[in-house]
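Chemist: Pasting my_file_17.txt here (compact mmCIF, C-alpha atoms and all ligand atoms):
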# COMPACT_ATOMS: atom_id res chain seq x y z
CA THR P 1 113.46 77.73 109.26
CA PRO P 2 110.52 79.60 107.74
CA THR P 3 109.22 78.67 104.30
CA ILE P 4 107.12 81.83 104.08
CA ALA P 5 108.65 85.19 103.20
CA VAL P 6 106.94 88.54 103.57
CA VAL P 7 108.34 91.29 101.34
CA ILE P 8 107.25 94.70 102.64
CA VAL P 9 107.73 97.46 100.09
CA ALA P 10 108.45 100.77 101.81
CA ALA P 11 110.61 102.64 99.30
CA GLY P 12 108.03 105.11 98.02
CA SER P 13 108.28 108.81 98.76
CA GLY P 14 104.66 109.37 99.82
CA THR P 15 104.03 112.36 97.57
CA ARG P 16 100.30 112.40 98.22
CA LEU P 17 100.77 112.24 102.00
CA GLY P 18 102.98 115.31 101.71
CA TYR P 19 105.51 114.78 104.54
CA ASP P 20 109.21 115.56 104.21
CA GLU P 21 110.01 111.98 105.18
CA PRO P 22 109.20 108.95 103.03
CA LYS P 23 105.72 107.66 103.94
CA ALA P 24 106.90 104.46 105.66
CA PHE P 25 108.99 106.52 108.10
CA VAL P 26 106.22 108.90 109.12
CA PRO P 27 105.29 108.55 112.82
CA LEU P 28 102.24 106.39 113.66
CA GLY P 29 101.27 105.60 117.23
CA ASP P 30 104.43 104.83 119.23
CA GLY P 31 106.33 103.89 116.08
CA THR P 32 106.18 104.54 112.37
CA VAL P 33 104.04 103.40 109.45
CA LEU P 34 106.73 100.78 108.72
CA SER P 35 107.11 99.50 112.28
CA THR P 36 103.33 99.07 112.46
CA ALA P 37 103.34 97.07 109.22
CA VAL P 38 106.26 94.95 110.45
CA ALA P 39 104.37 94.15 113.66
CA GLY P 40 101.48 92.86 111.55
CA ALA P 41 103.77 90.50 109.64
CA LEU P 42 105.64 89.33 112.74
CA GLY P 43 102.30 88.49 114.38
CA MET P 44 101.80 85.61 111.96
CA ALA P 45 101.23 82.15 113.42
CA SER P 46 104.77 81.19 112.43
CA ALA P 47 107.47 83.78 111.95
CA PRO P 48 108.18 84.65 108.29
CA HIS P 49 111.44 85.53 106.61
CA LEU P 50 111.06 89.30 106.43
CA VAL P 51 112.39 91.45 103.60
CA LEU P 52 112.10 95.22 103.95
CA VAL P 53 112.55 97.31 100.81
CA VAL P 54 113.34 100.90 101.75
CA PRO P 55 114.88 104.06 100.24
CA ASP P 56 118.62 103.84 99.52
CA ASP P 57 119.68 106.12 102.38
CA ARG P 58 117.54 104.21 104.92
CA VAL P 59 118.92 100.70 104.46
CA ASP P 60 121.46 100.70 107.29
CA THR P 61 119.33 102.49 109.88
CA THR P 62 116.34 100.26 109.04
CA ARG P 63 118.42 97.12 109.49
CA SER P 64 119.75 98.17 112.87
CA SER P 65 116.42 99.43 114.17
CA PHE P 66 114.43 96.32 113.18
CA GLU P 67 117.02 93.62 113.96
CA PRO P 68 116.04 93.31 117.66
CA VAL P 69 112.27 93.02 117.12
CA VAL P 70 112.72 90.56 114.26
CA ALA P 71 115.14 88.43 116.31
CA ALA P 72 112.73 88.50 119.26
CA ALA P 73 110.09 86.96 116.96
CA SER P 74 112.62 84.30 115.86
CA ALA P 75 112.32 85.63 112.31
CA ALA P 76 114.99 86.40 109.73
CA LEU P 77 115.55 89.85 108.24
CA ASP P 78 116.86 91.28 104.98
CA VAL P 79 116.84 94.99 104.20
CA VAL P 80 117.43 96.18 100.64
CA SER P 81 117.05 99.42 98.72
CA GLY P 82 114.06 99.96 96.44
CA GLY P 83 113.71 101.19 92.88
CA ASP P 84 111.90 103.94 91.00
CA THR P 85 108.60 102.07 90.84
CA ARG P 86 106.78 99.74 93.22
CA GLN P 87 107.33 96.90 90.79
CA GLN P 88 111.10 97.49 90.80
CA SER P 89 111.06 97.60 94.58
CA VAL P 90 109.26 94.25 94.79
CA SER P 91 111.69 92.80 92.28
CA ARG P 92 114.68 93.86 94.39
CA GLY P 93 113.10 92.27 97.44
CA LEU P 94 112.51 88.99 95.60
CA ALA P 95 116.13 88.97 94.46
CA VAL P 96 117.45 88.40 97.99
CA LEU P 97 115.11 85.55 99.02
CA PRO P 98 116.99 82.47 100.22
CA PRO P 99 116.43 79.09 98.49
CA GLY P 100 114.18 77.47 101.13
CA ILE P 101 111.24 79.86 100.70
CA ASP P 102 108.19 78.37 98.94
CA THR P 103 105.52 81.02 99.57
CA VAL P 104 105.92 84.77 99.19
CA LEU P 105 103.59 87.47 100.49
CA VAL P 106 104.09 90.94 99.04
CA HIS P 107 102.80 93.73 101.25
CA ASP P 108 102.59 97.54 101.13
CA ALA P 109 104.05 99.22 104.21
CA ALA P 110 101.33 101.82 103.60
CA ARG P 111 98.71 99.17 104.58
CA ALA P 112 100.20 99.37 108.05
CA LEU P 113 97.19 98.23 110.08
CA THR P 114 96.54 94.99 108.20
CA PRO P 115 95.76 92.35 110.87
CA SER P 116 98.15 89.40 111.21
CA LEU P 117 95.20 87.10 110.57
CA VAL P 118 95.00 88.36 106.98
CA PHE P 119 98.64 87.37 106.43
CA ASP P 120 97.91 83.91 107.87
CA GLU P 121 94.77 83.44 105.78
CA VAL P 122 96.49 84.48 102.56
CA ALA P 123 99.47 82.19 103.25
CA ALA P 124 97.17 79.26 104.11
CA ALA P 125 95.17 79.76 100.92
CA VAL P 126 98.34 79.85 98.79
CA HIS P 127 99.43 76.56 100.34
CA ALA P 128 96.02 74.92 99.98
CA ARG P 129 95.37 76.03 96.39
CA ASN P 130 98.86 76.45 94.94
CA ARG P 131 97.66 79.67 93.27
CA GLY P 132 98.07 83.37 93.76
CA VAL P 133 95.77 84.72 96.48
CA VAL P 134 94.81 88.34 97.08
CA PRO P 135 92.64 89.82 99.85
CA ALA P 136 89.73 91.82 98.47
CA LEU P 137 86.64 93.75 99.56
CA ASP P 138 83.30 94.17 97.84
CA VAL P 139 82.91 97.52 96.13
CA VAL P 140 80.32 99.60 97.96
CA ASP P 141 80.02 102.56 95.62
CA THR P 142 78.10 102.47 92.36
CA ILE P 143 80.74 102.46 89.64
CA LYS P 144 80.26 104.09 86.23
CA ARG P 145 82.30 103.88 83.08
CA VAL P 146 82.66 107.37 81.59
CA GLY P 147 83.89 108.80 78.32
CA VAL P 148 86.77 111.26 77.97
CA ASP P 149 84.19 114.07 77.76
CA GLY P 150 82.77 113.11 81.18
CA SER P 151 79.58 111.57 79.83
CA VAL P 152 78.39 108.37 81.50
CA VAL P 153 78.73 105.37 79.23
CA GLU P 154 77.31 102.75 81.56
CA THR P 155 76.91 101.57 85.14
CA VAL P 156 79.27 98.66 85.78
CA ASP P 157 77.88 95.54 87.46
CA ARG P 158 79.30 95.98 90.95
CA SER P 159 78.74 92.36 91.98
CA GLN P 160 81.61 91.36 89.70
CA LEU P 161 84.05 93.92 91.13
CA ARG P 162 86.44 93.76 94.09
CA ALA P 163 88.83 96.28 95.59
CA VAL P 164 92.08 94.41 96.23
CA GLN P 165 94.52 94.88 99.08
CA THR P 166 97.82 93.40 100.26
CA PRO P 167 99.42 91.11 101.40
CA GLN P 168 99.17 89.32 98.06
CA GLY P 169 100.49 85.78 98.26
CA PHE P 170 101.99 83.53 95.61
CA PRO P 171 103.82 80.26 95.21
CA ARG P 172 107.44 81.42 95.07
CA ARG P 173 108.10 79.74 91.73
CA ALA P 174 105.11 81.48 90.11
CA LEU P 175 106.08 84.90 91.42
CA ASP P 176 109.75 84.52 90.43
CA HIS P 177 108.72 83.36 86.95
CA ALA P 178 106.23 86.21 86.51
CA TYR P 179 108.79 88.84 87.58
CA ALA P 180 111.49 87.32 85.39
CA THR P 181 109.27 87.53 82.31
CA ALA P 182 107.33 90.77 82.97
CA ARG P 183 107.70 93.28 80.15
CA ALA P 184 105.41 96.04 81.43
CA GLU P 185 104.50 97.90 84.60
CA PHE P 186 101.48 96.57 86.46
CA THR P 187 99.50 98.17 89.27
CA ASP P 188 99.70 95.14 91.53
CA ASP P 189 101.48 91.82 91.79
CA ALA P 190 98.34 89.87 90.98
CA ALA P 191 98.08 91.62 87.61
CA LEU P 192 101.73 90.88 86.89
CA VAL P 193 101.29 87.21 87.79
CA GLN P 194 98.11 86.95 85.72
CA SER P 195 99.90 88.47 82.75
CA ALA P 196 102.24 85.47 82.92
CA GLY P 197 99.20 83.22 82.57
CA LEU P 198 99.08 82.14 86.21
CA ALA P 199 95.91 81.85 88.31
CA VAL P 200 94.94 84.21 91.11
CA ASP P 201 92.03 83.91 93.57
CA VAL P 202 90.54 86.40 96.00
CA VAL P 203 89.90 85.79 99.70
CA PRO P 204 88.08 88.17 102.06
CA GLY P 205 90.11 91.28 102.89
CA ASP P 206 89.79 93.51 105.94
CA VAL P 207 88.79 97.17 106.22
CA ARG P 208 91.82 97.74 108.44
CA ALA P 209 94.07 96.87 105.49
CA PHE P 210 93.28 100.24 103.86
CA LYS P 211 96.22 102.06 102.30
CA ILE P 212 97.52 105.22 103.95
CA THR P 213 97.65 107.53 100.95
CA VAL P 214 96.48 111.04 101.88
CA PRO P 215 96.58 112.92 105.23
CA ALA P 216 93.02 111.87 106.16
CA ASP P 217 94.13 108.21 105.93
CA LEU P 218 96.93 108.86 108.43
CA ARG P 219 94.46 110.44 110.85
CA ARG P 220 92.22 107.37 110.52
CA ALA P 221 95.23 105.14 111.19
CA GLU P 222 96.16 107.14 114.30
CA GLN P 223 92.59 106.75 115.55
CA LEU P 224 92.63 102.97 115.04
CA VAL P 225 95.98 102.63 116.80
CA ALA P 226 94.68 104.65 119.75
CA GLU P 227 91.54 102.49 119.95
CA ARG P 228 93.37 99.20 119.94
CA THR P 229 95.82 100.15 122.68
CA ARG P 230 93.03 101.38 124.94
N1 LIG J 1 106.69 101.73 96.93
C1 LIG J 1 108.00 101.27 96.84
N2 LIG J 1 108.82 101.76 95.85
C2 LIG J 1 108.39 102.68 94.98
C3 LIG J 1 107.04 103.14 95.06
C4 LIG J 1 106.22 102.66 96.06
O1 LIG J 1 108.42 100.44 97.64
N3 LIG J 1 109.22 103.14 94.03
C5 LIG J 1 105.83 101.24 98.02
C6 LIG J 1 105.40 102.34 98.96
O2 LIG J 1 106.42 102.58 99.94
C7 LIG J 1 104.11 101.83 99.54
C8 LIG J 1 103.58 100.89 98.46
O3 LIG J 1 104.63 100.72 97.51
O4 LIG J 1 104.29 101.08 100.75
C9 LIG J 1 102.32 101.45 97.81
O5 LIG J 1 102.64 102.65 97.11
P1 LIG J 1 101.98 104.07 97.39
O6 LIG J 1 100.91 103.97 98.40
O7 LIG J 1 101.70 104.69 96.06
O8 LIG J 1 103.18 104.85 98.13
P2 LIG J 1 104.10 106.02 97.55
O9 LIG J 1 104.46 105.73 96.15
O10 LIG J 1 105.18 106.23 98.54
O11 LIG J 1 103.10 107.27 97.65
P3 LIG J 1 102.78 108.34 96.49
O12 LIG J 1 102.31 107.54 95.28
O13 LIG J 1 101.74 109.22 97.08
O14 LIG J 1 104.08 109.06 96.22
MG MG J 2 102.97 105.61 94.57
Can you give me the file's structure in the form of structure tokens?
Ligand code: CTP
Ligand code: MG

Modeler:
Amino acid sequence: TPTIAVVIVAAGSGTRLGYDEPKAFVPLGDGTVLSTAVAGALGMASAPHLVLVVPDDRVDTTRSSFEPVVAAASAALDVVSGGDTRQQSVSRGLAVLPPGIDTVLVHDAARALTPSLVFDEVAAAVHARNRGVVPALDVVDTIKRVGVDGSVVETVDRSQLRAVQTPQGFPRRALDHAYATARAEFTDDAALVQSAGLAVDVVPGDVRAFKITVPADLRRAEQLVAERTR
């Protein structure tokens, strides 16, 4: 039985992408954004317990469409409905984790092309360090802090900055504790865990783990899918 769970949050509406369908259910390659993300998680060295968090009216169809592929990977599957915010959606996913799980990776379906190796590296680092671990990239742009009037206040030292991705991995106990005690909305799970006083490290991310947010991102994703099946 797996001790690693991957919670994939896919309950957002994808307002900025602008499709009628929720973003995770938009076509990508031969499948969807969500099926591509699921393939990344199921490609891990050992099959994780998979939790998919989807819109209310997609729970049943998601369960029946993913059951075969998850079973073929000898993995376990839970499908639950999400909430109004990403944080609520993660929380609902965590609520259904079985007792045996000791490491949890939280992943955005929108980062559909994240290589399986990133999942493995994050999980291995959580095990080795017993801390939160998030994949991150160096920031390539020059970043400036600006005032409300648009005037430049200062140039921020870029060497201290990272752009963080998912999957973000945590010892299960730490993540459960942080979610149980969170009293505000955070922009990622690492921030929520840190607010509970728990440690988080970065490991190298991957450019392919970019988040599909606007239509140009979906075109880039289609291009990458076409390249890798060639
Ligand atoms: N998400 C979720 N539940 C929500 C909001 C977001 O599960 N209430 C998920 C999305 O499905 C996505 C991930 O969190 O996989 C990252 O969110 P984002 O890229 O912002 O997706 P959306 O919120 O769907 O897009 P938008 O903000 O453009 O509406
Ligand atoms: Mg959003």

Chemist: Check every protein, DNA and RNA residue against ligand LIG 1 (chain J), keep those with an atom at most 10 Å away (counting only C-alpha atoms and all ligand atoms), and present them as a ChimeraX atom specification.

Modeler: /P:7-18,22-25,33-34,37,52-55,81-93,106-112,166,187-188,211-214

Chemist: Atom CA of P:Ser195 and atom CA of P:Leu105, how far apart in Å?

Modeler: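 Taking atom CA of P:Leu105 and atom CA of P:Ser195, their separation equals 18.1 Å.
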
Chemist: To one decimal in Å, tell me the separation between atom CA of P:Ala190 and atom CA of P:Thr36.

Modeler: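 Separating atom CA of P:Ala190 from atom CA of P:Thr36 is a distance of 23.9 Å.
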
Chemist: Env of P:Ser74: 12 Å cut, atoms = only C-alpha atoms, seq-sep filter 5 positions within chain, self excluded. Answer as a PyMOL selection string.

Modeler: chain P and resi 1-2+42-50+67-69

Chemist: Name all residues at most 9 Å from P:Tyr179 (count all atoms listed in the file; drop same-chain ones fewer than 5 positions away) and give them as a PDB file with C-alpha atoms, keeping the file's coordinate frame.

Modeler:
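Contents of the output file selection-v4.pdb:
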ATOM      1  CA  GLN P  87     107.330  96.900  90.790  1.00  0.00           C
ATOM      2  CA  SER P  91     111.690  92.800  92.280  1.00  0.00           C
ATOM      3  CA  LEU P  94     112.510  88.990  95.600  1.00  0.00           C
ATOM      4  CA  ALA P 174     105.110  81.480  90.110  1.00  0.00           C
ATOM      5  CA  ASP P 189     101.480  91.820  91.790  1.00  0.00           C
ATOM      6  CA  LEU P 192     101.730  90.880  86.890  1.00  0.00           C
ATOM      7  CA  VAL P 193     101.290  87.210  87.790  1.00  0.00           C
ATOM      8  CA  ALA P 196     102.240  85.470  82.920  1.00  0.00           C
TER       9      ALA P 196
END

Chemist: Considering only C-alpha atoms, state which residue in the set P:Leu113, P:Val6, P:Val146, P:Val26 is at the smallest distance from P:Ala75.

Modeler: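 Result for the nearest residue to P:Ala75: P:Val6.
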
Chemist: Using all atoms listed in the file, which residue out of P:Pro215, P:Ala226, P:Pro99, P:Val148 lies closest to P:Arg173?

Modeler: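 Among the listed residues, P:Pro99 lies closest to P:Arg173.
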
Chemist: So how many Å separate atom CA of P:Thr3 and atom CA of P:Pro167, to one decimal?

Modeler: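 Separation of atom CA of P:Thr3 and atom CA of P:Pro167: 16.1 Å.
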
Chemist: Anything within 10 Å of (95.9, 90.8, 113.0): list those residues as a list of chain:residue names, counting all atoms listed in the file and sticking to the file's coordinates.

Modeler: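 Output of the proximity query reads P:Ala39, P:Gly40, P:Ala41, P:Leu42, P:Gly43, P:Met44, P:Leu113, P:Thr114, P:Pro115, P:Ser116, P:Leu117, P:Val118, P:Phe119, P:Asp120, P:Asp206, P:Arg208, P:Ala209.
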
Chemist: Any chance you could build stretch 170-185 of chain P out to N, CA and C atoms and write it as a PDB file, in the coordinates of the input?

Modeler:
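Okay, this is what ended up in result37.pdb:
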ATOM      1  N   PHE P 170     101.755  84.321  96.812  1.00  0.00           N
ATOM      2  CA  PHE P 170     101.990  83.530  95.610  1.00  0.00           C
ATOM      3  C   PHE P 170     102.938  82.369  95.913  1.00  0.00           C
ATOM      4  N   PRO P 171     102.763  81.270  95.178  1.00  0.00           N
ATOM      5  CA  PRO P 171     103.820  80.260  95.210  1.00  0.00           C
ATOM      6  C   PRO P 171     105.113  80.938  94.726  1.00  0.00           C
ATOM      7  N   ARG P 172     106.204  80.713  95.391  1.00  0.00           N
ATOM      8  CA  ARG P 172     107.440  81.420  95.070  1.00  0.00           C
ATOM      9  C   ARG P 172     107.855  81.249  93.612  1.00  0.00           C
ATOM     10  N   ARG P 173     107.714  80.012  93.113  1.00  0.00           N
ATOM     11  CA  ARG P 173     108.100  79.740  91.730  1.00  0.00           C
ATOM     12  C   ARG P 173     107.299  80.581  90.743  1.00  0.00           C
ATOM     13  N   ALA P 174     105.989  80.704  90.996  1.00  0.00           N
ATOM     14  CA  ALA P 174     105.110  81.480  90.110  1.00  0.00           C
ATOM     15  C   ALA P 174     105.498  82.952  90.119  1.00  0.00           C
ATOM     16  N   LEU P 175     105.751  83.472  91.311  1.00  0.00           N
ATOM     17  CA  LEU P 175     106.080  84.900  91.420  1.00  0.00           C
ATOM     18  C   LEU P 175     107.436  85.200  90.772  1.00  0.00           C
ATOM     19  N   ASP P 176     108.426  84.352  91.043  1.00  0.00           N
ATOM     20  CA  ASP P 176     109.750  84.520  90.430  1.00  0.00           C
ATOM     21  C   ASP P 176     109.646  84.487  88.903  1.00  0.00           C
ATOM     22  N   HIS P 177     108.882  83.499  88.397  1.00  0.00           N
ATOM     23  CA  HIS P 177     108.720  83.360  86.950  1.00  0.00           C
ATOM     24  C   HIS P 177     108.053  84.602  86.360  1.00  0.00           C
ATOM     25  N   ALA P 178     106.977  85.058  87.028  1.00  0.00           N
ATOM     26  CA  ALA P 178     106.230  86.210  86.510  1.00  0.00           C
ATOM     27  C   ALA P 178     107.119  87.464  86.489  1.00  0.00           C
ATOM     28  N   TYR P 179     107.913  87.677  87.545  1.00  0.00           N
ATOM     29  CA  TYR P 179     108.790  88.840  87.580  1.00  0.00           C
ATOM     30  C   TYR P 179     109.915  88.722  86.555  1.00  0.00           C
ATOM     31  N   ALA P 180     110.398  87.505  86.351  1.00  0.00           N
ATOM     32  CA  ALA P 180     111.490  87.320  85.390  1.00  0.00           C
ATOM     33  C   ALA P 180     111.039  87.586  83.960  1.00  0.00           C
ATOM     34  N   THR P 181     109.753  87.397  83.693  1.00  0.00           N
ATOM     35  CA  THR P 181     109.270  87.530  82.310  1.00  0.00           C
ATOM     36  C   THR P 181     108.436  88.790  82.078  1.00  0.00           C
ATOM     37  N   ALA P 182     108.171  89.582  83.123  1.00  0.00           N
ATOM     38  CA  ALA P 182     107.330  90.770  82.970  1.00  0.00           C
ATOM     39  C   ALA P 182     107.985  91.781  82.029  1.00  0.00           C
ATOM     40  N   ARG P 183     107.188  92.306  81.115  1.00  0.00           N
ATOM     41  CA  ARG P 183     107.700  93.280  80.150  1.00  0.00           C
ATOM     42  C   ARG P 183     106.947  94.604  80.206  1.00  0.00           C
ATOM     43  N   ALA P 184     106.162  94.795  81.276  1.00  0.00           N
ATOM     44  CA  ALA P 184     105.410  96.040  81.430  1.00  0.00           C
ATOM     45  C   ALA P 184     105.266  96.340  82.904  1.00  0.00           C
ATOM     46  N   GLU P 185     104.779  97.529  83.218  1.00  0.00           N
ATOM     47  CA  GLU P 185     104.500  97.900  84.600  1.00  0.00           C
ATOM     48  C   GLU P 185     103.044  97.563  84.917  1.00  0.00           C
TER      49      GLU P 185
END
